[in-house]
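Q: upload_12.txt is reproduced in full below (compact mmCIF, C-alpha atoms and all ligand atoms).
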```txt
# COMPACT_ATOMS: atom_id res chain seq x y z
CA MET A 1 72.10 88.75 -63.20
CA GLU A 2 74.02 87.00 -60.46
CA GLU A 3 76.19 85.18 -62.94
CA GLU A 4 77.09 88.35 -64.84
CA THR A 5 77.86 90.19 -61.59
CA ARG A 6 80.07 87.39 -60.25
CA ARG A 7 81.97 87.20 -63.53
CA ALA A 8 82.59 90.96 -63.51
CA VAL A 9 83.52 91.20 -59.82
CA ALA A 10 86.07 88.39 -60.20
CA ALA A 11 87.91 90.64 -62.71
CA TRP A 12 87.68 93.91 -60.71
CA PRO A 13 91.04 95.27 -59.49
CA ARG A 14 91.99 94.48 -55.89
CA ASP A 15 93.43 96.87 -53.31
CA VAL A 16 93.69 99.87 -55.67
CA PRO A 17 91.10 102.65 -56.08
CA PHE A 18 88.81 102.60 -59.13
CA ALA A 19 85.45 104.13 -60.13
CA LEU A 20 82.42 101.87 -59.56
CA ARG A 21 80.00 103.54 -62.01
CA PRO A 22 81.66 102.34 -65.25
CA ARG A 23 82.01 98.85 -63.77
CA PHE A 24 78.31 98.76 -62.93
CA ALA A 25 77.59 100.01 -66.46
CA GLU A 26 79.47 97.00 -67.85
CA ILE A 27 77.43 94.61 -65.71
CA ALA A 28 74.15 96.34 -66.68
CA LEU A 29 75.13 96.13 -70.35
CA ASP A 30 75.94 92.41 -70.12
CA ILE A 31 72.60 91.81 -68.39
CA ILE A 32 70.75 93.67 -71.17
CA MET A 33 72.71 91.75 -73.85
CA ARG A 34 71.46 88.50 -72.33
CA VAL A 35 67.96 89.36 -71.13
CA VAL A 36 66.92 91.79 -73.86
CA PHE A 37 68.99 90.83 -76.93
CA GLY A 38 69.10 87.15 -75.91
CA LEU A 39 72.79 86.76 -76.77
CA ARG A 40 75.41 84.45 -75.34
CA ARG A 41 79.09 85.30 -75.21
CA GLY A 42 81.10 84.80 -78.41
CA GLU A 43 82.64 86.79 -81.22
CA ARG A 44 79.35 88.35 -82.36
CA TYR A 45 78.46 89.22 -78.78
CA ARG A 46 81.76 91.06 -78.39
CA ALA A 47 81.37 92.95 -81.69
CA LEU A 48 77.83 94.10 -80.90
CA ARG A 49 78.72 94.95 -77.29
CA SER A 50 81.58 97.23 -78.28
CA ALA A 51 79.55 98.86 -81.10
CA LEU A 52 76.71 99.57 -78.66
CA LEU A 53 79.12 100.92 -76.05
CA GLU A 54 80.51 103.44 -78.53
CA VAL A 55 76.99 104.79 -79.08
CA VAL A 56 75.69 104.82 -75.50
CA GLU A 57 78.88 106.27 -74.04
CA ASN A 58 78.87 109.23 -76.40
CA ASP A 59 76.92 111.35 -73.92
CA ARG A 60 77.88 114.63 -75.66
CA MET A 61 76.19 113.64 -78.89
CA ILE A 62 73.26 111.99 -77.06
CA SER A 63 72.67 115.33 -75.27
CA PHE A 64 72.88 117.12 -78.61
CA ALA A 65 70.36 114.72 -80.19
CA LEU A 66 68.00 115.10 -77.22
CA MET A 67 68.14 118.87 -77.03
CA VAL A 68 68.30 119.95 -80.65
CA PRO A 69 65.17 119.31 -82.75
CA SER A 70 65.85 116.97 -85.69
CA ALA A 71 65.22 119.71 -88.29
CA ARG A 72 68.17 121.70 -86.91
CA ARG A 73 70.51 118.74 -86.64
CA ASP A 74 71.76 119.03 -90.21
CA VAL A 75 74.96 120.66 -89.04
CA GLY A 76 77.11 120.05 -92.10
CA PRO A 77 80.55 118.48 -91.79
CA TRP A 78 80.75 118.60 -88.00
CA LYS A 79 83.16 115.77 -87.11
CA PRO A 80 81.75 114.67 -83.70
CA TRP A 81 78.23 114.40 -85.15
CA SER A 82 79.26 112.57 -88.33
CA ARG A 83 81.38 110.17 -86.22
CA PHE A 84 78.34 109.55 -83.99
CA ARG A 85 76.20 108.85 -87.09
CA ASP A 86 78.85 106.34 -88.24
CA GLN A 87 78.84 104.67 -84.82
CA ILE A 88 75.05 104.35 -84.99
CA ARG A 89 75.24 102.94 -88.53
CA SER A 90 77.69 100.24 -87.55
CA ALA A 91 75.66 99.30 -84.42
CA ASP A 92 72.53 99.21 -86.61
CA GLY A 93 74.16 96.79 -89.06
CA LEU A 94 75.01 94.36 -86.24
CA ILE A 95 71.55 94.67 -84.63
CA PHE A 96 69.81 94.08 -87.97
CA ARG A 97 71.89 90.92 -88.44
CA GLU A 98 70.77 89.61 -85.01
CA ILE A 99 67.12 90.38 -85.75
CA GLU A 100 67.24 88.71 -89.16
CA ASP A 101 68.87 85.60 -87.67
CA ARG A 102 66.20 85.49 -84.97
CA TRP A 103 63.47 85.69 -87.62
CA ASP A 104 64.97 82.46 -89.05
CA ASP A 105 65.26 80.75 -85.65
CA ASP A 106 62.85 77.78 -85.53
CA ALA A 107 63.04 77.69 -81.72
CA ILE A 108 62.05 81.35 -81.31
CA ALA A 109 58.75 80.51 -79.54
CA SER A 110 60.62 78.83 -76.68
CA ARG A 111 63.06 81.72 -76.18
CA GLU A 112 62.57 84.07 -73.23
CA ASP A 113 64.52 87.14 -74.31
CA VAL A 114 62.78 90.45 -75.02
CA LEU A 115 63.83 90.55 -78.69
CA SER A 116 62.21 87.17 -79.42
CA MET A 117 59.03 88.26 -77.62
CA LEU A 118 58.94 91.53 -79.58
CA ILE A 119 59.36 89.63 -82.85
CA LEU A 120 56.42 87.38 -81.96
CA ALA A 121 54.24 90.25 -80.68
CA ARG A 122 51.36 91.36 -82.89
CA ARG A 123 49.40 94.61 -82.93
CA GLU A 124 45.62 94.51 -82.68
CA ASP A 125 45.44 94.53 -86.50
CA GLY A 126 47.70 91.44 -86.61
CA SER A 127 50.79 93.23 -87.96
CA ALA A 128 54.29 92.64 -86.61
CA LEU A 129 57.06 95.15 -85.77
CA SER A 130 59.34 96.03 -88.69
CA LEU A 131 63.13 95.66 -88.66
CA GLU A 132 63.58 99.36 -87.84
CA GLU A 133 60.89 99.32 -85.15
CA LEU A 134 62.52 96.33 -83.48
CA ARG A 135 65.89 98.12 -83.59
CA ASP A 136 64.29 101.22 -82.04
CA GLU A 137 62.75 99.20 -79.18
CA LEU A 138 66.08 97.53 -78.42
CA MET A 139 67.99 100.83 -78.48
CA THR A 140 65.35 102.50 -76.28
CA ILE A 141 65.63 99.80 -73.65
CA LEU A 142 69.41 99.89 -73.84
CA LEU A 143 69.66 103.68 -73.54
CA ALA A 144 66.97 103.91 -70.86
CA GLY A 145 68.14 100.99 -68.77
CA HIS A 146 71.89 100.74 -68.86
CA GLU A 147 73.51 103.93 -67.53
CA THR A 148 70.51 104.77 -65.31
CA THR A 149 70.84 101.53 -63.35
CA ALA A 150 74.64 101.87 -63.17
CA THR A 151 74.32 105.42 -61.86
CA ALA A 152 71.71 104.44 -59.26
CA LEU A 153 74.06 101.70 -58.04
CA ALA A 154 77.01 104.11 -57.85
CA TRP A 155 74.91 106.58 -55.81
CA THR A 156 73.73 103.79 -53.50
CA PHE A 157 77.34 102.85 -52.71
CA ASP A 158 78.23 106.54 -52.31
CA ARG A 159 75.47 106.98 -49.71
CA LEU A 160 76.46 103.71 -47.97
CA PHE A 161 80.09 104.86 -47.82
CA ALA A 162 78.92 108.07 -46.12
CA HIS A 163 76.76 106.08 -43.64
CA PRO A 164 78.88 103.23 -42.24
CA ASP A 165 76.16 101.99 -39.84
CA ALA A 166 73.69 101.47 -42.66
CA PHE A 167 76.45 99.88 -44.76
CA ALA A 168 77.36 97.44 -41.96
CA ARG A 169 73.67 96.50 -41.60
CA VAL A 170 73.29 95.80 -45.33
CA ARG A 171 76.49 93.75 -45.35
CA SER A 172 75.48 91.61 -42.42
CA GLU A 173 71.96 91.18 -43.81
CA VAL A 174 73.43 89.96 -47.11
CA ARG A 175 76.04 87.70 -45.58
CA ASP A 176 74.12 86.32 -42.60
CA THR A 177 70.53 85.88 -43.70
CA GLY A 178 70.68 85.53 -47.49
CA SER A 179 68.32 87.32 -49.85
CA ASP A 180 64.94 85.92 -48.78
CA ALA A 181 64.55 88.00 -45.65
CA ALA A 182 66.27 91.26 -46.46
CA PRO A 183 64.01 94.28 -46.23
CA PHE A 184 66.75 96.74 -45.19
CA ILE A 185 68.54 96.52 -48.54
CA ASP A 186 65.28 97.44 -50.29
CA ALA A 187 64.84 100.39 -47.91
CA VAL A 188 68.43 101.50 -48.70
CA ILE A 189 67.77 101.36 -52.46
CA HIS A 190 64.54 103.36 -52.08
CA GLU A 191 66.24 105.98 -49.91
CA ALA A 192 69.24 106.26 -52.25
CA LEU A 193 66.88 106.85 -55.20
CA ARG A 194 65.08 109.49 -53.10
CA VAL A 195 68.13 111.55 -52.09
CA ARG A 196 69.96 111.01 -55.39
CA PRO A 197 67.33 110.57 -58.13
CA VAL A 198 69.23 109.72 -61.32
CA ILE A 199 66.77 111.71 -63.44
CA PRO A 200 65.87 114.93 -61.57
CA PHE A 201 62.73 115.81 -63.53
CA VAL A 202 60.55 114.59 -66.38
CA VAL A 203 58.45 116.63 -68.81
CA ARG A 204 54.96 116.47 -70.23
CA MET A 205 53.25 118.67 -72.82
CA LEU A 206 49.62 119.51 -72.07
CA VAL A 207 47.27 118.36 -74.83
CA GLU A 208 44.37 120.36 -73.33
CA PRO A 209 44.02 123.30 -70.89
CA PHE A 210 44.73 122.31 -67.28
CA THR A 211 44.37 123.94 -63.87
CA LEU A 212 47.36 123.23 -61.67
CA GLY A 213 46.82 124.72 -58.19
CA GLU A 214 46.43 128.48 -58.77
CA TYR A 215 47.72 128.32 -62.36
CA GLU A 216 45.56 128.15 -65.49
CA LEU A 217 47.73 126.47 -68.11
CA SER A 218 46.94 126.35 -71.82
CA ALA A 219 47.32 123.40 -74.19
CA GLY A 220 50.89 123.13 -75.47
CA THR A 221 52.43 124.20 -72.14
CA THR A 222 55.33 122.08 -70.95
CA VAL A 223 54.87 120.90 -67.36
CA SER A 224 57.62 119.28 -65.37
CA PRO A 225 56.94 116.96 -62.44
CA ALA A 226 60.02 117.93 -60.41
CA ILE A 227 61.24 114.63 -58.99
CA HIS A 228 64.12 116.17 -57.07
CA ALA A 229 61.94 118.87 -55.44
CA VAL A 230 59.24 116.39 -54.37
CA HIS A 231 61.89 114.15 -52.82
CA ARG A 232 63.19 117.11 -50.78
CA ASP A 233 59.78 118.29 -49.50
CA PRO A 234 60.02 118.41 -45.67
CA ASP A 235 56.27 117.80 -45.34
CA LEU A 236 56.77 114.42 -46.99
CA TYR A 237 60.24 113.69 -45.64
CA PRO A 238 61.25 115.33 -42.31
CA GLU A 239 64.94 116.39 -42.49
CA PRO A 240 64.82 115.67 -46.22
CA SER A 241 68.55 115.81 -46.95
CA ARG A 242 69.32 113.16 -44.32
CA PHE A 243 69.93 109.63 -45.68
CA GLU A 244 67.62 107.53 -43.51
CA PRO A 245 66.63 104.14 -45.01
CA ASN A 246 64.32 103.43 -42.05
CA ARG A 247 61.81 105.80 -43.71
CA PHE A 248 61.06 102.98 -46.12
CA MET A 249 61.28 99.98 -43.77
CA GLY A 250 58.22 97.82 -44.19
CA ARG A 251 56.33 100.28 -46.39
CA ARG A 252 55.91 100.89 -50.08
CA PRO A 253 56.37 104.54 -50.98
CA GLY A 254 53.33 106.34 -52.40
CA SER A 255 53.32 107.12 -56.13
CA TYR A 256 52.94 110.89 -55.51
CA GLU A 257 55.81 111.14 -53.03
CA TRP A 258 58.51 108.85 -54.45
CA LEU A 259 59.02 109.22 -58.19
CA PRO A 260 62.54 108.28 -59.31
CA PHE A 261 60.89 106.35 -62.14
CA GLY A 262 58.48 109.13 -63.13
CA GLY A 263 54.75 108.44 -63.03
CA GLY A 264 51.48 107.88 -64.85
CA THR A 265 51.15 106.01 -68.11
CA ARG A 266 54.70 106.89 -69.17
CA ARG A 267 56.28 105.71 -65.90
CA CYS A 268 59.56 103.85 -66.41
CA LEU A 269 58.86 100.54 -68.11
CA GLY A 270 61.85 98.95 -66.40
CA ALA A 271 61.21 100.09 -62.80
CA SER A 272 60.62 96.61 -61.31
CA PHE A 273 63.43 95.21 -63.43
CA ALA A 274 65.80 97.95 -62.22
CA LEU A 275 64.93 97.51 -58.51
CA PHE A 276 65.38 93.74 -58.77
CA GLU A 277 68.64 94.20 -60.69
CA MET A 278 70.02 96.72 -58.17
CA ARG A 279 69.27 94.40 -55.28
CA THR A 280 70.77 91.38 -57.04
CA ILE A 281 73.96 93.24 -57.99
CA ILE A 282 74.47 94.74 -54.50
CA GLU A 283 73.87 91.38 -52.83
CA THR A 284 76.20 89.55 -55.21
CA VAL A 285 78.96 92.15 -54.85
CA LEU A 286 78.78 92.24 -51.06
CA SER A 287 78.64 88.47 -50.65
CA ASN A 288 81.84 88.10 -52.66
CA VAL A 289 84.10 91.08 -51.84
CA ASP A 290 84.63 93.89 -49.33
CA VAL A 291 84.01 97.32 -50.87
CA LEU A 292 85.59 100.32 -49.12
CA PRO A 293 85.43 104.04 -49.93
CA ALA A 294 88.57 105.28 -51.72
CA SER A 295 88.30 108.66 -49.96
CA ASP A 296 86.30 110.49 -47.29
CA ALA A 297 85.38 113.37 -49.59
CA PRO A 298 81.65 113.40 -50.46
CA GLU A 299 80.79 112.91 -54.16
CA ARG A 300 79.74 116.01 -56.07
CA ILE A 301 76.77 115.82 -58.44
CA ARG A 302 77.51 116.22 -62.17
CA ARG A 303 75.14 116.28 -65.15
CA ARG A 304 75.71 113.63 -67.83
CA ALA A 305 73.20 113.67 -70.72
CA PHE A 306 69.80 113.51 -68.93
CA MET A 307 71.21 112.13 -65.66
CA LEU A 308 72.80 113.37 -62.45
CA VAL A 309 75.87 111.23 -61.83
CA PRO A 310 78.54 111.10 -59.09
CA ALA A 311 81.36 113.36 -60.41
CA THR A 312 84.16 110.82 -59.89
CA GLY A 313 81.99 107.75 -60.45
CA THR A 314 82.10 106.68 -56.74
CA ARG A 315 85.67 105.58 -56.25
CA ALA A 316 86.19 102.46 -54.17
CA ILE A 317 88.79 99.93 -53.08
CA VAL A 318 87.85 96.27 -53.31
CA ARG A 319 89.30 93.48 -51.16
CA SER A 320 88.80 89.77 -51.66
CA VAL A 321 87.09 87.81 -48.91
CA GLY A 322 87.63 84.42 -50.57
CA PRO A 323 87.44 82.77 -53.98
CA ILE A 324 84.42 83.72 -56.10
CA ALA A 325 82.29 80.77 -57.21
CA ALA A 326 81.88 80.68 -61.02
C1 LIG B 401 67.46 102.87 -61.56
C2 LIG B 401 67.30 102.77 -62.87
C3 LIG B 401 66.29 103.56 -63.67
C4 LIG B 401 65.79 104.82 -63.44
C5 LIG B 401 66.13 105.76 -62.30
C6 LIG B 401 64.85 105.09 -64.51
C7 LIG B 401 64.10 106.26 -64.62
C8 LIG B 401 63.20 106.52 -65.63
C9 LIG B 401 62.42 107.74 -65.75
C10 LIG B 401 62.43 108.90 -64.76
C11 LIG B 401 61.68 107.64 -66.88
C12 LIG B 401 60.70 108.69 -67.42
C13 LIG B 401 59.33 108.39 -66.83
C14 LIG B 401 58.31 109.48 -67.00
O1 LIG B 401 58.41 110.28 -67.95
O2 LIG B 401 57.38 109.54 -66.18
C15 LIG B 401 61.99 106.36 -67.49
C16 LIG B 401 61.42 105.89 -68.66
C17 LIG B 401 61.72 104.67 -69.23
N1 LIG B 401 62.54 103.68 -68.72
FE1 LIG B 401 63.58 103.81 -67.01
N2 LIG B 401 64.80 104.01 -65.36
C18 LIG B 401 65.66 103.04 -64.88
C19 LIG B 401 65.90 101.79 -65.42
C20 LIG B 401 65.29 101.30 -66.55
C21 LIG B 401 65.50 99.96 -67.09
C22 LIG B 401 66.41 98.89 -66.45
C23 LIG B 401 64.76 99.88 -68.24
C24 LIG B 401 64.59 98.71 -69.20
C25 LIG B 401 64.98 97.49 -68.95
C26 LIG B 401 64.09 101.15 -68.42
C27 LIG B 401 63.24 101.45 -69.46
C28 LIG B 401 62.54 102.63 -69.60
C29 LIG B 401 61.68 102.92 -70.73
C30 LIG B 401 61.43 102.02 -71.94
C31 LIG B 401 61.16 104.21 -70.50
C32 LIG B 401 60.19 105.00 -71.39
C33 LIG B 401 58.76 104.71 -70.95
C34 LIG B 401 57.72 105.46 -71.78
O3 LIG B 401 57.99 106.57 -72.25
O4 LIG B 401 56.60 104.93 -71.93
N3 LIG B 401 64.43 101.98 -67.38
N4 LIG B 401 62.91 105.69 -66.71
```
Render the structure in this file as structure tokens.

A:
Amino acid sequence: MEEETRRAVAAWPRDVPFALRPRFAEIALDIIMRVVFGLRRGERYRALRSALLEVVENDRMISFALMVPSARRDVGPWKPWSRFRDQIRSADGLIFREIEDRWDDDAIASREDVLSMLILARREDGSALSLEELRDELMTILLAGHETTATALAWTFDRLFAHPDAFARVRSEVRDTGSDAAPFIDAVIHEALRVRPVIPFVVRMLVEPFTLGEYELSAGTTVSPAIHAVHRDPDLYPEPSRFEPNRFMGRRPGSYEWLPFGGGTRRCLGASFALFEMRTIIETVLSNVDVLPASDAPERIRRRAFMLVPATGTRAIVRSVGPIAA
């Protein structure tokens, strides 16, 4: 993670404003390519990376696919949809090639990437995942883990820009003490995910009747744990709209009061990974460059597919503080 962040930051523009969110998305994608797909840079890496980017960045068609049931998606010769299907087909072809090569890899047992582990995994009946199932797992992790993490990072910088004291404390913690003793940065990440949850609500469908407070709900009802509303409850968080990382200093938030990753058996599979990744990326960025807000105007919240993102992507100006070690 550190290596990918350093490589990216070395190529960021200097002294001119640019949006952080897409840059964080590139880092998150490169991390997934290495950790999940198990790929090293090269021609095939580049081809798969750009094919995947075309799919995951097509948020209009992703929204369409999420919101319109599959039976109604046969929309005839609608160009944006048929182009999206083509993009998926070409990404699929490249993913299938990687999976098939990995099947033939004699050293697969010693590999530590998620794809190799999924290939070796067996169900209780001894069967393995099929080619299509492996592709689905990879695409799920990519879609669930790439833009979400990038957006959470962009919001964290947005909140730090608006709170210079907290920002100065994070910076000095990163630069002076190193990462082993750094609880404030964790508190900042928790508080940023509280005030700006990337996914504002999740949904569940009741499989049996359920009593929720004064409501008798029947099976089939859709219930939505409202992440955003819980995070703004003044009984849980006094002055809830205030960004105050000290709320989380030295304490782990309870699972019924802090739910940026959802909850229960379908809680985000990548929550620990994402928190570790966010901390690593913030630390690596701040130990190598100065990051300043490009303007004083607060970021507005915009919907993108299933996420709430900063409208301008958190614009920043980056200044070098010295050469970046490779
Ligand atoms: C800050 C970044 C992230 C946020 C805010 C986030 C948030 C969420 C939320 C709210 C859910 C739905 C949970 C529910 O319904 O209760 C979810 C599901 C999921 N997330 Fe994340 N996520 C993040 C990063 C990641 C990463 C990095 C990965 C993978 C490496 C990942 C993989 C998944 C998967 C596989 C699911 C589906 C779990 C299931 O349905 O069983 N997420 N995430």

Q: What is the distance, in Å and to one decimal place, between atom N4 of ligand LIG 401 (chain B) and atom CA of A:Arg196?

A: 14.4 Å

Q: What's the separation between atom CA of A:Leu48 and atom CA of A:Leu94, in Å to one decimal place?

A: 6.0 Å

Q: Measuring atom to atom with only C-alpha atoms and all ligand atoms, identify which of A:Asp86, A:Glu124, A:Glu147, A:Glu100 is nearest to ligand LIG 401 (chain B).

A: A:Glu147

Q: Please return as a VMD selection string the residues found within 9 Å of ligand LIG 401 (chain B), counting all atoms listed in the file.

A: chain A and resid 28 32 35 to 36 137 140 to 153 193 197 to 204 225 227 259 to 275 277 to 278 307

Q: Any idea what the distance is between atom CA of A:Glu54 and atom CA of A:Gln87?

A: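 Computing it gives 6.6 Å between the two atoms.
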
Q: Could you tell me which of A:Val223, A:Met139, A:Ala168, A:Ile95 comes closest to A:Phe210 if we count only C-alpha atoms?

A: A:Val223

Q: Which of these, A:Ala192, A:Val318, A:Met67, A:Leu20, has the shortest distance to A:Asn288 once you count all atoms listed in the file?

A: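 Closest candidate: A:Val318.
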
Q: Give the answer as one residue: which of A:Leu206, A:Ala65, A:Ile99, A:Val16 has the shortest atom-to-atom distance to A:Gly38, using only C-alpha atoms?

A: A:Ile99

Q: I need the residue nearest A:Ala25 from this list: A:Pro323, A:Gly313, A:Gly250, A:Pro234. Use only C-alpha atoms for the distance.

A: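 Checking each candidate against A:Ala25, we get A:Gly313 as the closest.
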
Q: My list of candidates is A:Arg97, A:Arg302, A:Ala162, A:Val291. Which is closest to A:Arg242 when distances are computed with only C-alpha atoms?

A: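 Among the listed residues, the smallest separation from A:Arg242 belongs to A:Ala162.
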
Q: Write out as a short mmCIF file (atom, residue, chain, number, x, y, z; two decimals) with C-alpha atoms, in the coordinates of the input which residues come within 12 Å of A:Tyr45 when counting all atoms listed in the file, dropping same-chain ones fewer than 3 positions away.

A:
```
data_model
loop_
_atom_site.label_atom_id
_atom_site.label_comp_id
_atom_site.auth_asym_id
_atom_site.auth_seq_id
_atom_site.Cartn_x
_atom_site.Cartn_y
_atom_site.Cartn_z
CA LEU A 29 75.13 96.13 -70.35
CA ASP A 30 75.94 92.41 -70.12
CA ILE A 32 70.75 93.67 -71.17
CA MET A 33 72.71 91.75 -73.85
CA ARG A 34 71.46 88.50 -72.33
CA PHE A 37 68.99 90.83 -76.93
CA GLY A 38 69.10 87.15 -75.91
CA LEU A 39 72.79 86.76 -76.77
CA ARG A 40 75.41 84.45 -75.34
CA ARG A 41 79.09 85.30 -75.21
CA GLY A 42 81.10 84.80 -78.41
CA LEU A 48 77.83 94.10 -80.90
CA ARG A 49 78.72 94.95 -77.29
CA SER A 50 81.58 97.23 -78.28
CA ALA A 51 79.55 98.86 -81.10
CA LEU A 52 76.71 99.57 -78.66
CA ALA A 91 75.66 99.30 -84.42
CA LEU A 94 75.01 94.36 -86.24
CA ILE A 95 71.55 94.67 -84.63
CA ARG A 97 71.89 90.92 -88.44
CA GLU A 98 70.77 89.61 -85.01
#
```

Q: List the spatial neighbours of A:Trp103 as a short mmCIF file (atom, residue, chain, number, x, y, z; two decimals) with C-alpha atoms, in the coordinates of the input - criterion: any atom at most 12 Å away, all atoms listed in the file, same-chain residues fewer than 5 positions off excluded.

A:
```cif
data_model
loop_
_atom_site.label_atom_id
_atom_site.label_comp_id
_atom_site.auth_asym_id
_atom_site.auth_seq_id
_atom_site.Cartn_x
_atom_site.Cartn_y
_atom_site.Cartn_z
CA PHE A 96 69.81 94.08 -87.97
CA ARG A 97 71.89 90.92 -88.44
CA GLU A 98 70.77 89.61 -85.01
CA ILE A 108 62.05 81.35 -81.31
CA ALA A 109 58.75 80.51 -79.54
CA LEU A 115 63.83 90.55 -78.69
CA SER A 116 62.21 87.17 -79.42
CA MET A 117 59.03 88.26 -77.62
CA LEU A 118 58.94 91.53 -79.58
CA ILE A 119 59.36 89.63 -82.85
CA LEU A 120 56.42 87.38 -81.96
CA ALA A 128 54.29 92.64 -86.61
CA LEU A 129 57.06 95.15 -85.77
CA SER A 130 59.34 96.03 -88.69
CA LEU A 131 63.13 95.66 -88.66
CA LEU A 134 62.52 96.33 -83.48
#
```

Q: Give me, as a list in words, all polymer residues having an atom no more than 6 Å from A:Pro17, counting all atoms listed in the file and skipping those fewer than 3 positions away in the same chain.

A: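 The filter keeps Ala294, Ala316 and Ile317 of chain A.
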
Q: For A:Arg7, please output as a list in words all residues within 12 Å (counting only C-alpha atoms; exclusion window: fewer than 6 positions along the same chain).

A: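 Contacts, with the query itself left out: Met1, Arg23, Glu26, Ile27, Asp30, Ile31, Ile281, Thr284, Val285, Asn288, Pro323, Ile324, Ala325 and Ala326 of chain A.
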
Q: Let me know the centre plus edge lengths, in Å and rounded to one decimal, of a box with edges along x, y and z that contains all listed atoms of stretch 183-190 of chain A and is padded by 6 Å on every side, as JSON.

A:
```
{"center_x": 66.3, "center_y": 98.8, "center_z": -48.8, "size_x": 16.5, "size_y": 21.1, "size_z": 19.3}
```
